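Below is one structure, written out as structure tokens; the observations come after it.
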Amino acid sequence: MAVYTDVQDDALRAFLLDYDVGGLLAFRGIAEGVENSNYALRTEAGDFILTLYERRVDPGELPWFLGLMEHLAARGLPCPLPVKARDGQALRELAGRPAAVCTFLSGVWPRRVRPEHCAPLGEALARLHLAGEGFAATRPNALGPAGWPPLLDRCRAEGDAVQPGLVAELDGALAAILRDWPAPGALPEGHIHADLFPDNVFFLPGPDGKPRVSGLIDFYFACTDLLAYDLAVCLNAWCFEPDGRTFNVTRAHALLSAYGALRPLSGTERAALPVLCRGAALRFLLTRLHDWTETPAGALVTRKDPLEYLRKLRFFARAEGGADIGL
Ligand SMILES: Nc1ncnc2c1ncn2[C@@H]1O[C@H](COP(=O)(O)OP(=O)(O)OP(=O)(O)O)[C@@H](O)[C@H]1O
Ligand SMILES: N[C@@H](CCO)C(=O)O
């Protein structure tokens, strides 16, 4: 479910009068996603996505996200391009919510990841990092290492009900990660996506029949942080079998090689990748755990399993060297 705010067709028609997109031909709510309300629109000018920003997005940060997408799209990255109304503004208001219209991207996200997805993914991620250069404004990562201790504190009371002993295990893992985390300035930084999961990457078959990336979406966790951390997020999200137990080195190797062909990793980045993977696993474990314990019974949101990321965290804590994670 991701239509929290209901939009009436007369309100939408009136809203679109401020844009050069012609008349509205059709629209429908999109069930996927959990953060915002999304509608697919068809107008006389083509297909668009309308997003109404809901709970977790701070309206003050929306100009940064939309500005980054505009910058990346202008440099050829297949990401949504915010469409400006006639007053030059992409960020507007509809049904009492901040709202934006973006270009529609074709393609399908992979329900079952195969190694053939991982090389184009790595290439797209490197392109994203390179295209982000020159976008001057920065946004700190609120879900980076400084954000993890307070997040864990918010899960302290309920965490052991999810799995006995969980809070103590996470205290230990967090302390070890913070101890091993790269010092400020030690690794290259830039604008990262920070949530590049399979449901945020669309593919279409290329002329050779192999999957090609046709779209990267959902930039609302994007921030300015260690570039290699984005790879750590992808290794977590793309390179395990669905149970979160078995790491697929073939996928990881395809991802890292394709990334490195466009943006070679430094020796320091390669050395840091295992701890970045532990940090990324902890980040998704903590946000899922927080949502798991905070989401009221009966809420129309699908909760994601935090323990999948405990298994991933344990895997990366056991991994003995770069070869174990596909380097
Ligand atoms: N630019 C786009 N082009 C085509 N489809 C899109 C586009 N943006 C969003 N969608 C569709 O809307 C769905 C939800 O989008 P998105 O993942 O951004 O939702 P969200 O609720 O903002 O985020 P989250 O995935 O974090 O819950 C996607 O799975 C996709 O089907
Ligand atoms: N990708 C996140 C959800 C937030 O977008 C997760 O799977 O926990």
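By convention in this document, the chains of the structure tokens carry letters A, B, ... by their order, each chain's residues are numbered from 1, and ligands are numbered from 1 in the order they are shown.
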- request: Please provide the set of residues having any atom within 10 Å of Phe219 of chain A, restricted to only C-alpha atoms, with same-chain residues fewer than 4 positions apart removed, written as a ChimeraX atom specification.
  value: /A:65-66,68-69,79-80,192-196,200,223
What does the file look like for those residues with N, CA and C atoms, as a PDB file, in the first residue's frame?
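Okay, this is what ended up in selection04.pdb:
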```pdb
ATOM      1  N   PHE A  65      16.775  16.779  -2.915  1.00  0.00           N
ATOM      2  CA  PHE A  65      16.558  15.521  -3.646  1.00  0.00           C
ATOM      3  C   PHE A  65      16.193  15.802  -5.107  1.00  0.00           C
ATOM      4  N   LEU A  66      15.268  16.747  -5.300  1.00  0.00           N
ATOM      5  CA  LEU A  66      14.812  17.033  -6.667  1.00  0.00           C
ATOM      6  C   LEU A  66      15.949  17.660  -7.474  1.00  0.00           C
ATOM      7  N   LEU A  68      19.173  17.097  -7.022  1.00  0.00           N
ATOM      8  CA  LEU A  68      20.131  16.032  -7.362  1.00  0.00           C
ATOM      9  C   LEU A  68      19.614  15.221  -8.555  1.00  0.00           C
ATOM     10  N   MET A  69      18.320  14.877  -8.536  1.00  0.00           N
ATOM     11  CA  MET A  69      17.769  14.082  -9.666  1.00  0.00           C
ATOM     12  C   MET A  69      17.890  14.866 -10.974  1.00  0.00           C
ATOM     13  N   CYS A  79      17.441   8.454 -14.402  1.00  0.00           N
ATOM     14  CA  CYS A  79      16.677   8.635 -13.163  1.00  0.00           C
ATOM     15  C   CYS A  79      15.526   9.593 -13.443  1.00  0.00           C
ATOM     16  N   PRO A  80      14.515   9.631 -12.570  1.00  0.00           N
ATOM     17  CA  PRO A  80      13.371  10.495 -12.853  1.00  0.00           C
ATOM     18  C   PRO A  80      13.805  11.962 -12.944  1.00  0.00           C
ATOM     19  N   ILE A 192      25.571   9.795  -2.806  1.00  0.00           N
ATOM     20  CA  ILE A 192      25.259   8.363  -2.931  1.00  0.00           C
ATOM     21  C   ILE A 192      23.747   8.168  -2.884  1.00  0.00           C
ATOM     22  N   HIS A 193      23.293   7.046  -3.419  1.00  0.00           N
ATOM     23  CA  HIS A 193      21.862   6.736  -3.412  1.00  0.00           C
ATOM     24  C   HIS A 193      21.436   6.250  -2.024  1.00  0.00           C
ATOM     25  N   ALA A 194      22.239   5.368  -1.453  1.00  0.00           N
ATOM     26  CA  ALA A 194      22.085   4.882  -0.080  1.00  0.00           C
ATOM     27  C   ALA A 194      20.909   3.919   0.148  1.00  0.00           C
ATOM     28  N   ASP A 195      20.151   3.595  -0.897  1.00  0.00           N
ATOM     29  CA  ASP A 195      19.031   2.632  -0.743  1.00  0.00           C
ATOM     30  C   ASP A 195      18.788   1.910  -2.071  1.00  0.00           C
ATOM     31  N   LEU A 196      19.891   1.554  -2.753  1.00  0.00           N
ATOM     32  CA  LEU A 196      19.728   1.012  -4.110  1.00  0.00           C
ATOM     33  C   LEU A 196      19.419  -0.487  -4.045  1.00  0.00           C
ATOM     34  N   ASN A 200      14.371  -0.635  -6.521  1.00  0.00           N
ATOM     35  CA  ASN A 200      14.641   0.729  -6.988  1.00  0.00           C
ATOM     36  C   ASN A 200      15.433   0.748  -8.294  1.00  0.00           C
ATOM     37  N   CYS A 223      22.281  11.034  -0.140  1.00  0.00           N
ATOM     38  CA  CYS A 223      23.006  11.902   0.794  1.00  0.00           C
ATOM     39  C   CYS A 223      24.461  11.975   0.322  1.00  0.00           C
TER      40      CYS A 223
END
```
Which residues sit within 9 Å of ligand 2, counting only C-alpha atoms and all ligand atoms, listed as a PDB file with C-alpha atoms, in the first residue's frame?
```
ATOM      1  CA  GLY A  33       6.485   1.501  -2.034  1.00  0.00           C
ATOM      2  CA  VAL A  34       5.945   2.354   1.599  1.00  0.00           C
ATOM      3  CA  GLU A  35       7.129   5.914   2.119  1.00  0.00           C
ATOM      4  CA  ALA A 194      22.085   4.882  -0.080  1.00  0.00           C
ATOM      5  CA  ASP A 195      19.031   2.632  -0.743  1.00  0.00           C
ATOM      6  CA  LEU A 196      19.728   1.012  -4.110  1.00  0.00           C
ATOM      7  CA  PHE A 197      17.721  -2.169  -3.495  1.00  0.00           C
ATOM      8  CA  PRO A 198      16.348  -4.304  -6.371  1.00  0.00           C
ATOM      9  CA  ASP A 199      12.949  -2.561  -6.151  1.00  0.00           C
ATOM     10  CA  ASN A 200      14.641   0.729  -6.988  1.00  0.00           C
ATOM     11  CA  ASP A 218      13.652   6.557  -5.114  1.00  0.00           C
ATOM     12  CA  TYR A 220      14.832  10.013  -0.922  1.00  0.00           C
ATOM     13  CA  PHE A 221      17.622   8.488   1.181  1.00  0.00           C
ATOM     14  CA  ALA A 237      20.691  -5.969  -0.948  1.00  0.00           C
ATOM     15  CA  ARG A 283      21.682   0.311   9.185  1.00  0.00           C
ATOM     16  CA  PHE A 284      18.909  -1.728   7.524  1.00  0.00           C
ATOM     17  CA  LEU A 285      18.625  -4.031  10.530  1.00  0.00           C
ATOM     18  CA  LEU A 286      18.064  -1.021  12.826  1.00  0.00           C
ATOM     19  CA  THR A 287      15.545   0.826  10.638  1.00  0.00           C
ATOM     20  CA  ARG A 288      13.628  -2.432  10.071  1.00  0.00           C
ATOM     21  CA  ARG A 303       6.920  -4.550   7.672  1.00  0.00           C
ATOM     22  CA  LYS A 304      10.276  -5.856   6.466  1.00  0.00           C
ATOM     23  CA  ASP A 305      12.061  -8.602   8.397  1.00  0.00           C
ATOM     24  CA  PRO A 306      14.887  -7.168  10.545  1.00  0.00           C
ATOM     25  CA  TYR A 309      19.793  -8.275   8.141  1.00  0.00           C
TER      26      TYR A 309
END
```
message: If the limit is 9 Å from any atom of ligand 1, counting only C-alpha atoms and all ligand atoms, which residues qualify? Return them as a PyMOL selection string.
response: chain A and resi 1-3+29-40+47-54+79-81+101-109+195+197+199-202+215-221
Requested write-out: N, CA and C atoms of the selected residues, as a compact mmCIF listing (two decimals), in the first residue's frame:
```
# COMPACT_ATOMS: atom_id res chain seq x y z
N MET A 1 0.86 -1.20 0.00
CA MET A 1 0.00 0.00 0.00
C MET A 1 0.88 1.23 0.00
N ALA A 2 0.74 2.07 -0.98
CA ALA A 2 1.41 3.35 -0.87
C ALA A 2 0.58 4.42 -1.54
N VAL A 3 -0.67 4.49 -1.12
CA VAL A 3 -1.46 5.65 -1.48
C VAL A 3 -2.10 6.11 -0.18
N GLY A 29 -3.50 4.98 -8.68
CA GLY A 29 -2.59 4.87 -7.54
C GLY A 29 -1.68 3.66 -7.72
N ILE A 30 -0.43 3.78 -7.24
CA ILE A 30 0.53 2.66 -7.33
C ILE A 30 0.66 2.03 -5.96
N ALA A 31 0.46 0.71 -5.92
CA ALA A 31 0.44 0.02 -4.62
C ALA A 31 1.83 -0.17 -4.03
N GLU A 32 2.88 -0.20 -4.86
CA GLU A 32 4.22 -0.49 -4.34
C GLU A 32 4.80 0.71 -3.61
N GLY A 33 5.83 0.43 -2.79
CA GLY A 33 6.48 1.50 -2.03
C GLY A 33 5.81 1.64 -0.69
N VAL A 34 6.55 2.19 0.27
CA VAL A 34 5.95 2.35 1.60
C VAL A 34 6.04 3.78 2.12
N GLU A 35 6.87 4.61 1.51
CA GLU A 35 7.13 5.91 2.12
C GLU A 35 6.13 6.98 1.69
N ASN A 36 5.89 7.08 0.40
CA ASN A 36 5.12 8.19 -0.17
C ASN A 36 3.92 7.66 -0.95
N SER A 37 3.01 8.59 -1.32
CA SER A 37 1.90 8.20 -2.20
C SER A 37 2.34 8.45 -3.64
N ASN A 38 2.19 7.43 -4.48
CA ASN A 38 2.60 7.56 -5.88
C ASN A 38 1.43 7.28 -6.80
N TYR A 39 1.29 8.10 -7.83
CA TYR A 39 0.27 7.89 -8.86
C TYR A 39 0.94 7.85 -10.22
N ALA A 40 0.49 6.95 -11.08
CA ALA A 40 0.93 6.95 -12.49
C ALA A 40 -0.07 7.81 -13.26
N ASP A 47 3.66 9.83 -20.23
CA ASP A 47 3.48 9.21 -18.91
C ASP A 47 4.35 9.90 -17.86
N PHE A 48 3.79 10.04 -16.67
CA PHE A 48 4.51 10.69 -15.56
C PHE A 48 4.19 9.97 -14.26
N ILE A 49 5.01 10.26 -13.25
CA ILE A 49 4.72 9.78 -11.89
C ILE A 49 4.49 11.00 -11.01
N LEU A 50 3.40 10.98 -10.29
CA LEU A 50 3.10 12.04 -9.32
C LEU A 50 3.39 11.48 -7.94
N THR A 51 4.23 12.17 -7.18
CA THR A 51 4.53 11.73 -5.80
C THR A 51 4.03 12.78 -4.82
N LEU A 52 3.28 12.32 -3.82
CA LEU A 52 2.90 13.17 -2.70
C LEU A 52 3.74 12.71 -1.52
N TYR A 53 4.50 13.63 -0.95
CA TYR A 53 5.49 13.25 0.06
C TYR A 53 4.81 13.13 1.42
N GLU A 54 5.04 11.97 2.04
CA GLU A 54 4.35 11.67 3.29
C GLU A 54 5.31 11.73 4.48
N CYS A 79 17.44 8.45 -14.40
CA CYS A 79 16.68 8.64 -13.16
C CYS A 79 15.53 9.59 -13.44
N PRO A 80 14.51 9.63 -12.57
CA PRO A 80 13.37 10.49 -12.85
C PRO A 80 13.80 11.96 -12.94
N LEU A 81 13.28 12.64 -13.95
CA LEU A 81 13.54 14.08 -14.09
C LEU A 81 12.34 14.83 -13.53
N VAL A 101 5.87 16.13 -9.88
CA VAL A 101 5.66 15.27 -11.05
C VAL A 101 7.04 14.96 -11.62
N CYS A 102 7.29 13.69 -11.91
CA CYS A 102 8.58 13.30 -12.51
C CYS A 102 8.31 12.49 -13.76
N THR A 103 9.33 12.38 -14.60
CA THR A 103 9.19 11.55 -15.80
C THR A 103 9.04 10.08 -15.40
N PHE A 104 8.30 9.35 -16.21
CA PHE A 104 8.08 7.92 -16.00
C PHE A 104 9.22 7.14 -16.63
N LEU A 105 9.74 6.15 -15.93
CA LEU A 105 10.81 5.31 -16.49
C LEU A 105 10.26 3.93 -16.78
N SER A 106 10.57 3.41 -17.96
CA SER A 106 10.13 2.07 -18.32
C SER A 106 11.03 1.03 -17.67
N GLY A 107 10.54 -0.18 -17.61
CA GLY A 107 11.35 -1.28 -17.09
C GLY A 107 10.68 -1.95 -15.92
N VAL A 108 11.31 -3.02 -15.46
CA VAL A 108 10.75 -3.85 -14.40
C VAL A 108 11.87 -4.16 -13.41
N TRP A 109 11.56 -4.06 -12.12
CA TRP A 109 12.62 -4.41 -11.16
C TRP A 109 12.66 -5.93 -10.96
N ASP A 195 20.15 3.60 -0.90
CA ASP A 195 19.03 2.63 -0.74
C ASP A 195 18.79 1.91 -2.07
N PHE A 197 18.22 -0.80 -3.58
CA PHE A 197 17.72 -2.17 -3.49
C PHE A 197 17.13 -2.57 -4.85
N ASP A 199 14.20 -3.22 -5.75
CA ASP A 199 12.95 -2.56 -6.15
C ASP A 199 13.14 -1.11 -6.55
N ASN A 200 14.37 -0.63 -6.52
CA ASN A 200 14.64 0.73 -6.99
C ASN A 200 15.43 0.75 -8.29
N VAL A 201 15.59 -0.41 -8.93
CA VAL A 201 16.35 -0.47 -10.19
C VAL A 201 15.52 -1.21 -11.23
N PHE A 202 15.24 -0.53 -12.33
CA PHE A 202 14.45 -1.13 -13.41
C PHE A 202 15.39 -1.63 -14.51
N GLY A 215 16.28 2.27 -15.44
CA GLY A 215 15.84 3.32 -14.52
C GLY A 215 16.34 3.09 -13.11
N LEU A 216 16.70 4.18 -12.45
CA LEU A 216 17.06 4.17 -11.02
C LEU A 216 16.08 5.12 -10.35
N ILE A 217 15.39 4.65 -9.31
CA ILE A 217 14.37 5.51 -8.70
C ILE A 217 14.60 5.65 -7.20
N ASP A 218 13.75 6.44 -6.58
CA ASP A 218 13.65 6.56 -5.11
C ASP A 218 14.94 7.12 -4.50
N PHE A 219 15.16 8.38 -4.75
CA PHE A 219 16.37 9.05 -4.27
C PHE A 219 16.18 9.70 -2.89
N TYR A 220 15.17 9.27 -2.13
CA TYR A 220 14.83 10.01 -0.92
C TYR A 220 15.64 9.60 0.32
N PHE A 221 16.61 8.70 0.14
CA PHE A 221 17.62 8.49 1.18
C PHE A 221 18.99 8.98 0.68
```
Thr293 of chain A surroundings by only C-alpha atoms, 9 Å radius, close-in-sequence under 5 positions cut, as an mmCIF file with N, CA and C atoms, in the first residue's frame:
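Once everything was written out, this is result-v2.cif:
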```
data_model
loop_
_atom_site.group_PDB
_atom_site.id
_atom_site.type_symbol
_atom_site.label_atom_id
_atom_site.label_comp_id
_atom_site.auth_asym_id
_atom_site.auth_seq_id
_atom_site.Cartn_x
_atom_site.Cartn_y
_atom_site.Cartn_z
ATOM 1 N N CYS A 155 15.369 1.153 19.979
ATOM 2 C CA CYS A 155 14.905 -0.238 19.842
ATOM 3 C C CYS A 155 15.176 -1.046 21.112
ATOM 4 N N GLU A 158 12.272 -2.937 23.114
ATOM 5 C CA GLU A 158 11.482 -3.962 22.425
ATOM 6 C C GLU A 158 12.335 -4.997 21.690
ATOM 7 N N GLY A 159 13.637 -4.703 21.497
ATOM 8 C CA GLY A 159 14.463 -5.514 20.608
ATOM 9 C C GLY A 159 14.518 -6.982 20.976
ATOM 10 N N VAL A 162 11.912 -9.373 19.756
ATOM 11 C CA VAL A 162 12.016 -9.844 18.363
ATOM 12 C C VAL A 162 12.912 -11.076 18.324
ATOM 13 N N ARG A 288 14.696 -1.418 10.124
ATOM 14 C CA ARG A 288 13.628 -2.432 10.071
ATOM 15 C C ARG A 288 13.150 -2.792 11.480
#
```
task: Going by DSSP on the backbone, which bits of segment 35-267 of chain A are helix (DSSP H, G or I)? Write them as a ChimeraX atom specification, please.
output: /A:59-74,115-132,145-162,166-180,198-200,227-238,249-262,267
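Closest approach to Asn248 of chain A among A:Arg127, A:Lys312, A:Arg156, A:Arg13: A:Lys312, based on only C-alpha atoms.
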task: List every residue of segment 68-229 of chain A that DSSP, applied to the backbone of this structure, assigns to strand (DSSP E or B), and report them as a VMD selection string.
output: chain A and resid 82 to 83 92 to 94 97 to 103 108 189 to 192 201 to 205 211 to 216 223 to 226
Residues from the last selection, N, CA and C atoms, saved as a CSV table (one decimal), in the first residue's frame:
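Generated file (result.csv):
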```
chain,number,residue,atom,x,y,z
A,82,PRO,N,12.5,15.6,-12.5
A,82,PRO,CA,11.4,16.4,-11.9
A,82,PRO,C,10.9,17.4,-13.0
A,83,VAL,N,9.6,17.4,-13.2
A,83,VAL,CA,9.0,18.3,-14.3
A,83,VAL,C,8.6,19.6,-13.6
A,92,ARG,N,5.7,21.4,-5.6
A,92,ARG,CA,4.4,22.2,-5.5
A,92,ARG,C,3.6,21.5,-4.4
A,93,GLU,N,2.3,21.8,-4.3
A,93,GLU,CA,1.5,21.2,-3.3
A,93,GLU,C,0.2,20.7,-3.9
A,94,LEU,N,-0.3,19.5,-3.4
A,94,LEU,CA,-1.6,18.9,-3.9
A,94,LEU,C,-2.2,18.2,-2.7
A,97,ARG,N,-0.4,18.1,0.6
A,97,ARG,CA,0.9,17.5,0.7
A,97,ARG,C,1.9,18.2,-0.2
A,98,PRO,N,3.2,18.2,0.1
A,98,PRO,CA,4.2,18.6,-0.9
A,98,PRO,C,4.1,17.6,-2.1
A,99,ALA,N,4.2,18.0,-3.3
A,99,ALA,CA,4.0,17.1,-4.4
A,99,ALA,C,5.0,17.5,-5.6
A,100,ALA,N,5.4,16.4,-6.3
A,100,ALA,CA,6.2,16.7,-7.6
A,100,ALA,C,5.8,15.7,-8.6
A,101,VAL,N,5.9,16.1,-9.9
A,101,VAL,CA,5.7,15.3,-11.0
A,101,VAL,C,7.0,15.0,-11.6
A,102,CYS,N,7.3,13.7,-11.9
A,102,CYS,CA,8.6,13.3,-12.5
A,102,CYS,C,8.3,12.5,-13.8
A,103,THR,N,9.3,12.4,-14.6
A,103,THR,CA,9.2,11.6,-15.8
A,103,THR,C,9.0,10.1,-15.4
A,108,VAL,N,11.3,-3.0,-15.5
A,108,VAL,CA,10.8,-3.9,-14.4
A,108,VAL,C,11.9,-4.2,-13.4
A,189,GLU,N,34.5,10.7,-1.0
A,189,GLU,CA,33.1,11.0,-0.7
A,189,GLU,C,32.4,11.6,-1.9
A,190,GLY,N,31.1,11.5,-2.0
A,190,GLY,CA,30.3,12.1,-3.0
A,190,GLY,C,28.8,11.9,-2.7
A,191,HIS,N,28.0,12.1,-3.7
A,191,HIS,CA,26.6,11.9,-3.5
A,191,HIS,C,26.2,10.4,-3.8
A,192,ILE,N,25.6,9.8,-2.8
A,192,ILE,CA,25.3,8.4,-2.9
A,192,ILE,C,23.7,8.2,-2.9
A,201,VAL,N,15.6,-0.4,-8.9
A,201,VAL,CA,16.4,-0.5,-10.2
A,201,VAL,C,15.5,-1.2,-11.2
A,202,PHE,N,15.2,-0.5,-12.3
A,202,PHE,CA,14.4,-1.1,-13.4
A,202,PHE,C,15.4,-1.6,-14.5
A,203,PHE,N,15.0,-2.8,-15.1
A,203,PHE,CA,15.8,-3.3,-16.2
A,203,PHE,C,14.9,-3.6,-17.4
A,204,LEU,N,15.5,-3.5,-18.6
A,204,LEU,CA,14.8,-4.0,-19.8
A,204,LEU,C,15.9,-4.8,-20.6
A,205,PRO,N,15.4,-5.8,-21.4
A,205,PRO,CA,16.4,-6.6,-22.2
A,205,PRO,C,17.1,-5.7,-23.2
A,211,PRO,N,19.9,-8.3,-19.5
A,211,PRO,CA,19.3,-7.1,-18.8
A,211,PRO,C,20.2,-5.9,-18.9
A,212,ARG,N,19.5,-4.8,-19.1
A,212,ARG,CA,20.2,-3.5,-19.1
A,212,ARG,C,19.4,-2.5,-18.2
A,213,VAL,N,20.1,-1.7,-17.4
A,213,VAL,CA,19.4,-0.8,-16.5
A,213,VAL,C,18.7,0.3,-17.3
A,214,SER,N,17.4,0.4,-17.0
A,214,SER,CA,16.6,1.4,-17.7
A,214,SER,C,16.1,2.5,-16.7
A,215,GLY,N,16.3,2.3,-15.4
A,215,GLY,CA,15.8,3.3,-14.5
A,215,GLY,C,16.3,3.1,-13.1
A,216,LEU,N,16.7,4.2,-12.4
A,216,LEU,CA,17.1,4.2,-11.0
A,216,LEU,C,16.1,5.1,-10.4
A,223,CYS,N,22.3,11.0,-0.1
A,223,CYS,CA,23.0,11.9,0.8
A,223,CYS,C,24.5,12.0,0.3
A,224,THR,N,25.3,12.7,1.1
A,224,THR,CA,26.7,12.9,0.7
A,224,THR,C,27.5,12.0,1.7
A,225,ASP,N,28.2,11.0,1.2
A,225,ASP,CA,28.8,10.1,2.2
A,225,ASP,C,29.9,9.3,1.4
A,226,LEU,N,30.4,8.3,2.0
A,226,LEU,CA,31.5,7.5,1.4
A,226,LEU,C,30.9,6.8,0.1
```
task: Excluding segment 320-324 of chain A and any residue of its chain fewer than 5 positions from it, enumerate the residues within 9 Å of it, using only C-alpha atoms, and give them as a count of residues only.
output: 6
query: Hey, what's within 9 Å of Pro145 of chain A if we count only C-alpha atoms and toss same-chain stuff fewer than 5 positions away? As a count of residues only, please?
result: 6
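With only C-alpha atoms as the atoms that count, the minimum distance from Gly96 of chain A to the choices A:Glu123, A:Asp18, A:Asp6, A:Glu116 is reached by A:Asp6.
Among A:Arg114, A:Ala11, A:Thr268, A:Leu41, the residue with the shortest atom-to-atom distance to Leu25 of chain A, counting only C-alpha atoms, is A:Leu41.
Of the listed residues A:Gly147, A:Ala252, A:Glu294, A:Pro184, the one whose atoms come nearest to Ile325 of chain A is A:Ala252, with distances taken using only C-alpha atoms.
The closest residue to Leu121 of chain A, picked from A:Ser266, A:Thr138, A:Thr5, A:Ser257 and counting only C-alpha atoms, is A:Ser257.
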